[in-house]
Every structure is written in C-alpha cells, then in structure tokens.
$ cat my_file34.cif   # mmCIF, C-alpha atoms
data_query
loop_
_atom_site.label_atom_id
_atom_site.label_comp_id
_atom_site.auth_asym_id
_atom_site.auth_seq_id
_atom_site.Cartn_x
_atom_site.Cartn_y
_atom_site.Cartn_z
CA MET X 18 -29.52 -58.25 3.24
CA GLN X 19 -26.53 -56.00 3.73
CA ALA X 20 -26.10 -53.18 1.21
CA PRO X 21 -22.99 -53.50 -0.93
CA GLN X 22 -20.18 -51.29 0.23
CA THR X 23 -18.71 -48.82 -2.23
CA ALA X 24 -14.99 -48.43 -2.35
CA ALA X 25 -13.64 -45.21 -0.87
CA ALA X 26 -12.33 -42.74 -3.39
CA PRO X 27 -8.55 -42.83 -3.56
CA ALA X 28 -6.79 -40.02 -1.71
CA PRO X 29 -5.48 -37.28 -3.99
CA THR X 30 -1.86 -37.79 -4.92
CA LEU X 31 0.85 -35.37 -3.85
CA LYS X 32 1.09 -33.94 -7.37
CA THR X 33 -2.68 -33.54 -7.53
CA ARG X 34 -2.75 -31.57 -4.27
CA ILE X 35 0.12 -29.34 -5.33
CA GLY X 36 -1.45 -28.79 -8.74
CA ALA X 37 -4.79 -27.87 -7.16
CA HIS X 38 -3.10 -25.21 -5.04
CA ILE X 39 -1.27 -23.74 -8.03
CA ASP X 40 -4.47 -23.73 -10.08
CA ASP X 41 -6.40 -22.06 -7.25
CA VAL X 42 -3.85 -19.29 -6.81
CA ALA X 43 -3.66 -18.77 -10.57
CA SER X 44 -7.45 -18.42 -10.82
CA LEU X 45 -7.49 -15.88 -7.97
CA LEU X 46 -4.76 -13.86 -9.67
CA ARG X 47 -6.58 -13.93 -13.01
CA ALA X 48 -9.67 -12.52 -11.28
CA LEU X 49 -7.69 -9.42 -10.26
CA SER X 50 -7.39 -6.34 -12.44
CA PRO X 51 -4.85 -3.49 -12.58
CA ALA X 52 -7.80 -1.31 -11.57
CA ASP X 53 -7.83 -3.13 -8.21
CA VAL X 54 -4.21 -2.22 -7.51
CA ALA X 55 -3.69 1.21 -9.10
CA PRO X 56 -5.62 3.16 -6.41
CA VAL X 57 -3.30 1.77 -3.71
CA VAL X 58 -0.24 2.84 -5.73
CA GLU X 59 -1.70 6.34 -6.10
CA LEU X 60 -2.48 6.51 -2.39
CA ILE X 61 1.10 5.60 -1.48
CA HIS X 62 2.42 8.22 -3.90
CA GLU X 63 0.10 10.76 -2.29
CA THR X 64 1.42 9.81 1.14
CA ARG X 65 4.99 10.22 -0.10
CA ARG X 66 4.34 13.63 -1.68
CA GLU X 67 2.76 14.89 1.54
CA GLY X 68 5.69 13.68 3.65
CA GLY X 69 3.65 10.99 5.37
CA VAL X 70 4.71 7.57 6.61
CA VAL X 71 3.39 4.22 5.37
CA TYR X 72 2.91 1.75 8.24
CA VAL X 73 2.48 -1.93 7.30
CA PHE X 74 1.51 -4.78 9.63
CA GLY X 75 0.06 -8.27 9.90
CA ASN X 76 0.33 -11.50 11.91
CA GLY X 77 2.05 -14.80 11.17
CA GLY X 78 2.53 -15.27 7.43
CA SER X 79 1.04 -11.82 6.89
CA ALA X 80 3.74 -10.37 9.16
CA ALA X 81 6.36 -11.90 6.87
CA THR X 82 4.54 -10.42 3.88
CA ALA X 83 4.46 -7.03 5.60
CA MET X 84 8.23 -7.12 6.22
CA HIS X 85 8.95 -8.19 2.65
CA PHE X 86 6.60 -5.49 1.33
CA CYS X 87 8.36 -2.76 3.32
CA ASN X 88 11.69 -3.89 1.90
CA ASP X 89 10.27 -3.64 -1.64
CA LEU X 90 8.73 -0.23 -0.95
CA HIS X 91 12.12 1.08 0.17
CA ALA X 92 13.88 -0.42 -2.85
CA ASN X 93 11.39 0.75 -5.47
CA CYS X 94 10.99 4.29 -4.15
CA ALA X 95 14.67 5.03 -3.54
CA ASP X 96 14.88 7.44 -6.48
CA HIS X 97 11.72 9.39 -5.68
CA ASN X 98 11.88 12.94 -4.36
CA PRO X 99 10.74 13.19 -1.65
CA PRO X 100 11.56 9.60 -0.68
CA LEU X 101 8.92 7.29 0.74
CA ARG X 102 9.07 6.71 4.49
CA VAL X 103 8.02 3.18 5.45
CA GLN X 104 7.79 1.32 8.75
CA CYS X 105 6.83 -2.30 9.40
CA LEU X 106 5.08 -2.60 12.76
CA ALA X 107 5.63 -6.38 12.82
CA SER X 108 9.42 -6.38 12.62
CA ASN X 109 10.67 -5.10 16.01
CA LEU X 110 10.43 -8.15 18.26
CA SER X 111 11.32 -6.35 21.50
CA THR X 112 8.67 -3.70 20.87
CA LEU X 113 6.04 -6.32 20.02
CA LEU X 114 6.80 -8.36 23.13
CA ALA X 115 6.83 -5.31 25.39
CA LEU X 116 3.46 -4.11 24.11
CA ALA X 117 1.99 -7.62 24.25
CA ASN X 118 3.19 -8.06 27.82
CA ASP X 119 2.17 -4.60 29.04
CA THR X 120 -1.04 -3.89 27.12
CA GLY X 121 -2.11 -7.15 25.44
CA TYR X 122 -1.41 -8.63 22.01
CA GLU X 123 -4.45 -6.87 20.60
CA ASN X 124 -2.61 -3.56 21.06
CA VAL X 125 0.81 -4.41 19.59
CA PHE X 126 0.19 -2.36 16.43
CA VAL X 127 -1.95 0.50 17.69
CA GLY X 128 0.60 0.99 20.46
CA GLN X 129 3.18 1.86 17.79
CA LEU X 130 0.96 4.49 16.16
CA GLN X 131 1.30 7.19 18.81
CA SER X 132 2.66 9.69 16.26
CA LEU X 133 0.22 8.79 13.47
CA ALA X 134 -0.82 11.86 11.45
CA PRO X 135 -3.51 12.53 8.81
CA GLU X 136 -0.94 12.46 5.99
CA ASP X 137 0.09 8.90 6.94
CA THR X 138 -1.21 5.59 5.60
CA VAL X 139 -1.68 2.26 7.40
CA ILE X 140 -1.73 -0.99 5.43
CA ALA X 141 -3.21 -3.99 7.23
CA ILE X 142 -2.56 -7.47 5.80
CA SER X 143 -4.87 -10.16 7.17
CA ALA X 144 -6.19 -13.30 5.49
CA SER X 145 -9.27 -13.41 7.73
CA GLY X 146 -9.74 -9.65 7.88
CA ASN X 147 -10.54 -10.04 11.57
CA SER X 148 -7.18 -9.90 13.36
CA GLU X 149 -8.00 -7.81 16.41
CA ASN X 150 -4.67 -6.01 16.54
CA CYS X 151 -5.01 -5.02 12.88
CA VAL X 152 -8.61 -3.91 13.40
CA ARG X 153 -7.62 -1.70 16.34
CA ALA X 154 -4.79 -0.09 14.39
CA VAL X 155 -7.05 0.72 11.43
CA ALA X 156 -9.78 2.03 13.73
CA ARG X 157 -7.21 4.36 15.29
CA ALA X 158 -6.13 5.55 11.85
CA ARG X 159 -9.74 6.37 11.00
CA GLU X 160 -10.12 8.35 14.22
CA LEU X 161 -7.08 10.44 13.33
CA GLY X 162 -8.05 10.94 9.69
CA ALA X 163 -5.18 8.87 8.28
CA ARG X 164 -5.53 6.77 5.15
CA SER X 165 -6.06 3.01 5.40
CA VAL X 166 -5.65 0.03 3.09
CA GLY X 167 -6.65 -3.56 3.74
CA LEU X 168 -5.34 -6.64 1.96
CA VAL X 169 -7.82 -9.27 3.10
CA GLY X 170 -9.23 -12.68 2.22
CA PHE X 171 -12.06 -14.98 3.35
CA ASP X 172 -15.24 -12.83 3.56
CA GLY X 173 -13.23 -9.63 4.11
CA GLY X 174 -13.94 -9.49 7.83
CA ARG X 175 -14.08 -6.25 9.79
CA LEU X 176 -11.12 -4.77 7.96
CA ALA X 177 -13.10 -4.74 4.71
CA GLU X 178 -15.61 -2.46 6.43
CA LEU X 179 -13.05 -0.26 8.19
CA CYS X 180 -10.42 0.36 5.51
CA ALA X 181 -10.85 3.16 3.00
CA GLN X 182 -9.35 0.99 0.25
CA VAL X 183 -9.60 -2.79 0.18
CA ILE X 184 -8.26 -5.54 -2.04
CA HIS X 185 -10.30 -8.63 -1.17
CA ILE X 186 -9.30 -12.16 -2.15
CA PRO X 187 -12.54 -14.17 -1.72
CA ARG X 188 -11.16 -17.52 -0.64
CA HIS X 189 -11.31 -19.28 2.76
CA ASP X 190 -7.79 -20.67 2.48
CA TYR X 191 -4.85 -19.09 4.28
CA LEU X 192 -2.21 -20.47 1.92
CA ALA X 193 -3.92 -19.28 -1.26
CA VAL X 194 -4.81 -15.86 0.17
CA GLU X 195 -1.30 -15.28 1.50
CA ASP X 196 0.20 -16.24 -1.87
CA VAL X 197 -1.99 -13.73 -3.68
CA HIS X 198 -1.25 -11.02 -1.11
CA SER X 199 2.46 -11.51 -1.79
CA VAL X 200 1.93 -11.06 -5.52
CA LEU X 201 -0.21 -7.99 -4.87
CA CYS X 202 2.57 -6.43 -2.80
CA HIS X 203 5.00 -7.00 -5.66
CA ALA X 204 2.53 -5.48 -8.13
CA ILE X 205 2.17 -2.39 -5.91
CA ALA X 206 5.96 -2.11 -5.58
CA ARG X 207 6.38 -2.35 -9.35
CA GLY X 208 3.72 0.29 -9.84
CA LEU X 209 5.65 2.63 -7.55
CA ARG X 210 8.81 2.45 -9.66
CA PRO X 211 9.58 5.52 -11.79
CA ALA X 212 7.97 5.06 -15.21
CA ALA X 213 11.30 4.57 -16.98
CA ALA X 214 12.46 1.83 -14.60
#

$ encode --input "my_file34.cif" --output "structure tokens"
Amino acid sequence: MQAPQTAAAPAPTLKTRIGAHIDDVASLLRALSPADVAPVVELIHETRREGGVVYVFGNGGSAATAMHFCNDLHANCADHNPPLRVQCLASNLSTLLALANDTGYENVFVGQLQSLAPEDTVIAISASGNSENCVRAVARARELGARSVGLVGFDGGRLAELCAQVIHIPRHDYLAVEDVHSVLCHAIARGLRPAAA
C-alpha cells in the first residue's frame, strides 16, 4: 500500500520574504550596542589627531559601502581641526585594474598601502571576513604597526583574528550583513560629528 503523500508547503509570498529580511536586519541591529561602535569612533579620532590617514576597502557590495563610508567621514569631520584624511582603496578603477593585472587581485589593496604609517588606520569591510585582498592589507598594517578595524559577518573569518578592533555581525547572509554594515558606518559617522552638531 502506497503511503499517502503530504502536500508541499506553499512557497513564502513576496511580502513574507521581504518581511523576513527586514525582521532579520532589525534583530541584528537590536543586538548591537553603542559600546560596540564607540571604540571605532575613538580610534578614528585618534588617527585624525595624530595626522594619520584612514584607508577603507572592501569588495562588491562592501566596496560600495566603503565608498559611501568615506564620503560620510569627509562630510562629518569637515569642521574638525586637524581634519580627517580618508582614502577609499576600492574607488580608483584604473589603479585596481592595474594592480589586478600586474600583481593579482589579491594584492589590489595592499598594493595601495606603500606609504602606510603607524599613525594610520585601515578599515576592512567584508561579509565573510575572508576576502584575501582585505586579509593581505590588514596583515600588512599589522606588520607596520598601523591600526586596523574589521567590519565582518558570517563567523568573522580571518579578519576577526587579524584586526585590532572588530564589529562582527553573526549571520551567514550577505544581504543582511551588508545592510547592518551600512548602518554601522552611519553610526560611526554620526559619532564623529562635533558634539553640538
């Protein structure tokens, strides 16, 4: 006798899928605390006071976040004295392509850190925490005594072990992690504004 077949569960509706994503991102944000973000703000201020440069980088969606973050760092630190110097290593297409062609894609960020100094800070943004070009850039920063920050997701990857300061979003979902990283960058930028602003 053939076992009765059970009906397949209906596929989630479009609204259900969208709602699940919003709920997931909201729960990840609620799990964060100002204490997770404040040390990064202080580190950037320290870099600024010492005349250092903040270098930000990432791949794919994280590259877009890095570019947006650099824009916000410029805008929110315009009235500081001394001003904050910021550079996005993911924004110069000709430089990226030249380094990728000549030395390999794994070196596109470290190849732009030839003048890195101990008073500088590198900020790596990577959902997986394992992007080889980000890992190499942070490893180089450690060798030179520069500061390092990692915005990571998934299990944290190698960047969670390499970076001096880490904000880890524990979710294996690129979209959710990248959304939270974007909010974190805005929180850091707001924290860098002068207190009266």

$ residues_around --input "my_file34.cif" --residues "X:Arg210" --least-positions-apart "4" --cutoff "10 Å" --atoms "only C-alpha atoms" --output "PyMOL selection string"
chain X and resi 58+90+92-97+205-206+214

$ resolve_selection --input "my_file34.cif" --expression "the PyMOL selection byres ((chain X and resi 54) around 12)" --output "JSON, numbers by chain"
{"X": [46, 49, 50, 51, 52, 53, 55, 56, 57, 58, 59, 60, 61, 166, 167, 168, 182, 183, 184, 185, 198, 200, 201, 202, 203, 204, 205, 206, 207, 208, 209]}

$ resolve_selection --input "my_file34.cif" --expression "the PyMOL selection byres ((chain X and resi 190) around 10)" --output "MDAnalysis selection string"
chainID X and resid 38 41 144:145 170:171 186:189 191:195

$ resolve_selection --input "my_file34.cif" --expression "the PyMOL selection byres ((chain X and resi 76) around 9)" --output "list in words"
Phe74, Gly75, Gly77, Gly78, Ser79, Ala80, Ala81, Ala83, Ala107, Ile142, Ser143, Ser148, Asn150 and Cys151 of chain X

$ residues_around --input "my_file34.cif" --residues "X:Glu63" --least-positions-apart "5" --cutoff "12 Å" --atoms "all atoms listed in the file" --output "list in words"
Pro56, Val57, Val58, Gly68, Gly69, Val70, Val71, Pro99, Pro100, Leu101, Arg102, Pro135, Glu136, Asp137, Thr138, Ala163, Arg164 and Leu209 of chain X

$ axis_aligned_box --input "my_file34.cif" --around "stretch 187-204 of chain X" --padding-each-side "3 Å" --output "JSON"
{"center_x": -3.8, "center_y": -13.1, "center_z": -1.9, "size_x": 23.5, "size_y": 21.2, "size_z": 18.4}

$ atom_distance --input "my_file34.cif" --atom1 "atom CA of X:Asn147" --atom2 "atom CA of X:Thr120"
19.2 Å

$ closest_residue --input "my_file34.cif" --among "X:Ala181, X:Val197, X:Ala117, X:Val127" --to "X:Ala48" --atoms "all atoms listed in the file"
X:Val197

$ atom_distance --input "my_file34.cif" --atom1 "atom CA of X:Glu123" --atom2 "atom CA of X:Leu106"
13.1 Å

$ residues_around --input "my_file34.cif" --residues "X:Ser165" --least-positions-apart "3" --cutoff "8 Å" --atoms "only C-alpha atoms" --output "MDAnalysis selection string"
chainID X and resid 138:141 155 158:159 180:182

$ atom_distance --input "my_file34.cif" --atom1 "atom CA of X:Leu130" --atom2 "atom CA of X:Val169"
20.9 Å

$ closest_residue --input "my_file34.cif" --among "X:Tyr72, X:Val103, X:Ile39, X:Gly162" --to "X:Gln129" --atoms "only C-alpha atoms"
X:Tyr72

$ build_atoms --input "my_file34.cif" --residues "stretch 157-181 of chain X" --atoms "N, CA and C atoms" --output "PDB file, keeping the file's coordinate frame"
ATOM      1  N   ARG X 157      -7.929   3.178  14.807  1.00  0.00           N
ATOM      2  CA  ARG X 157      -7.210   4.360  15.290  1.00  0.00           C
ATOM      3  C   ARG X 157      -6.857   5.289  14.140  1.00  0.00           C
ATOM      4  N   ALA X 158      -6.442   4.730  13.024  1.00  0.00           N
ATOM      5  CA  ALA X 158      -6.130   5.550  11.850  1.00  0.00           C
ATOM      6  C   ALA X 158      -7.357   6.324  11.388  1.00  0.00           C
ATOM      7  N   ARG X 159      -8.500   5.673  11.392  1.00  0.00           N
ATOM      8  CA  ARG X 159      -9.740   6.370  11.000  1.00  0.00           C
ATOM      9  C   ARG X 159     -10.044   7.517  11.946  1.00  0.00           C
ATOM     10  N   GLU X 160      -9.860   7.292  13.235  1.00  0.00           N
ATOM     11  CA  GLU X 160     -10.120   8.350  14.220  1.00  0.00           C
ATOM     12  C   GLU X 160      -9.258   9.576  13.969  1.00  0.00           C
ATOM     13  N   LEU X 161      -8.026   9.343  13.526  1.00  0.00           N
ATOM     14  CA  LEU X 161      -7.080  10.440  13.330  1.00  0.00           C
ATOM     15  C   LEU X 161      -7.108  10.999  11.913  1.00  0.00           C
ATOM     16  N   GLY X 162      -7.939  10.438  11.050  1.00  0.00           N
ATOM     17  CA  GLY X 162      -8.050  10.940   9.690  1.00  0.00           C
ATOM     18  C   GLY X 162      -6.958  10.470   8.756  1.00  0.00           C
ATOM     19  N   ALA X 163      -6.222   9.420   9.145  1.00  0.00           N
ATOM     20  CA  ALA X 163      -5.180   8.870   8.280  1.00  0.00           C
ATOM     21  C   ALA X 163      -5.798   7.924   7.253  1.00  0.00           C
ATOM     22  N   ARG X 164      -5.064   7.677   6.204  1.00  0.00           N
ATOM     23  CA  ARG X 164      -5.530   6.770   5.150  1.00  0.00           C
ATOM     24  C   ARG X 164      -5.362   5.322   5.610  1.00  0.00           C
ATOM     25  N   SER X 165      -6.154   4.426   5.021  1.00  0.00           N
ATOM     26  CA  SER X 165      -6.060   3.010   5.400  1.00  0.00           C
ATOM     27  C   SER X 165      -6.313   2.117   4.202  1.00  0.00           C
ATOM     28  N   VAL X 166      -5.535   1.041   4.147  1.00  0.00           N
ATOM     29  CA  VAL X 166      -5.650   0.030   3.090  1.00  0.00           C
ATOM     30  C   VAL X 166      -5.729  -1.331   3.759  1.00  0.00           C
ATOM     31  N   GLY X 167      -6.575  -2.191   3.249  1.00  0.00           N
ATOM     32  CA  GLY X 167      -6.650  -3.560   3.740  1.00  0.00           C
ATOM     33  C   GLY X 167      -6.421  -4.559   2.629  1.00  0.00           C
ATOM     34  N   LEU X 168      -5.487  -5.470   2.829  1.00  0.00           N
ATOM     35  CA  LEU X 168      -5.340  -6.640   1.960  1.00  0.00           C
ATOM     36  C   LEU X 168      -5.919  -7.806   2.743  1.00  0.00           C
ATOM     37  N   VAL X 169      -7.076  -8.295   2.308  1.00  0.00           N
ATOM     38  CA  VAL X 169      -7.820  -9.270   3.100  1.00  0.00           C
ATOM     39  C   VAL X 169      -8.233 -10.456   2.242  1.00  0.00           C
ATOM     40  N   GLY X 170      -8.716 -11.506   2.908  1.00  0.00           N
ATOM     41  CA  GLY X 170      -9.230 -12.680   2.220  1.00  0.00           C
ATOM     42  C   GLY X 170     -10.542 -13.103   2.867  1.00  0.00           C
ATOM     43  N   PHE X 171     -10.846 -14.415   2.766  1.00  0.00           N
ATOM     44  CA  PHE X 171     -12.060 -14.980   3.350  1.00  0.00           C
ATOM     45  C   PHE X 171     -13.284 -14.133   2.950  1.00  0.00           C
ATOM     46  N   ASP X 172     -14.092 -13.679   3.916  1.00  0.00           N
ATOM     47  CA  ASP X 172     -15.240 -12.830   3.560  1.00  0.00           C
ATOM     48  C   ASP X 172     -14.907 -11.346   3.720  1.00  0.00           C
ATOM     49  N   GLY X 173     -13.658 -11.024   3.938  1.00  0.00           N
ATOM     50  CA  GLY X 173     -13.230  -9.630   4.110  1.00  0.00           C
ATOM     51  C   GLY X 173     -13.141  -9.203   5.550  1.00  0.00           C
ATOM     52  N   GLY X 174     -13.976  -9.793   6.404  1.00  0.00           N
ATOM     53  CA  GLY X 174     -13.940  -9.490   7.830  1.00  0.00           C
ATOM     54  C   GLY X 174     -14.204  -8.026   8.142  1.00  0.00           C
ATOM     55  N   ARG X 175     -13.837  -7.627   9.351  1.00  0.00           N
ATOM     56  CA  ARG X 175     -14.080  -6.250   9.790  1.00  0.00           C
ATOM     57  C   ARG X 175     -13.189  -5.253   9.080  1.00  0.00           C
ATOM     58  N   LEU X 176     -12.013  -5.693   8.652  1.00  0.00           N
ATOM     59  CA  LEU X 176     -11.120  -4.770   7.960  1.00  0.00           C
ATOM     60  C   LEU X 176     -11.714  -4.288   6.643  1.00  0.00           C
ATOM     61  N   ALA X 177     -12.472  -5.146   5.970  1.00  0.00           N
ATOM     62  CA  ALA X 177     -13.100  -4.740   4.710  1.00  0.00           C
ATOM     63  C   ALA X 177     -14.085  -3.603   4.926  1.00  0.00           C
ATOM     64  N   GLU X 178     -14.666  -3.541   6.113  1.00  0.00           N
ATOM     65  CA  GLU X 178     -15.610  -2.460   6.430  1.00  0.00           C
ATOM     66  C   GLU X 178     -14.898  -1.215   6.919  1.00  0.00           C
ATOM     67  N   LEU X 179     -13.745  -1.389   7.580  1.00  0.00           N
ATOM     68  CA  LEU X 179     -13.050  -0.260   8.190  1.00  0.00           C
ATOM     69  C   LEU X 179     -12.130   0.482   7.231  1.00  0.00           C
ATOM     70  N   CYS X 180     -11.454  -0.250   6.356  1.00  0.00           N
ATOM     71  CA  CYS X 180     -10.420   0.360   5.510  1.00  0.00           C
ATOM     72  C   CYS X 180     -11.030   1.188   4.389  1.00  0.00           C
ATOM     73  N   ALA X 181     -10.375   2.291   4.082  1.00  0.00           N
ATOM     74  CA  ALA X 181     -10.850   3.160   3.000  1.00  0.00           C
ATOM     75  C   ALA X 181     -10.673   2.486   1.647  1.00  0.00           C
TER      76      ALA X 181
END
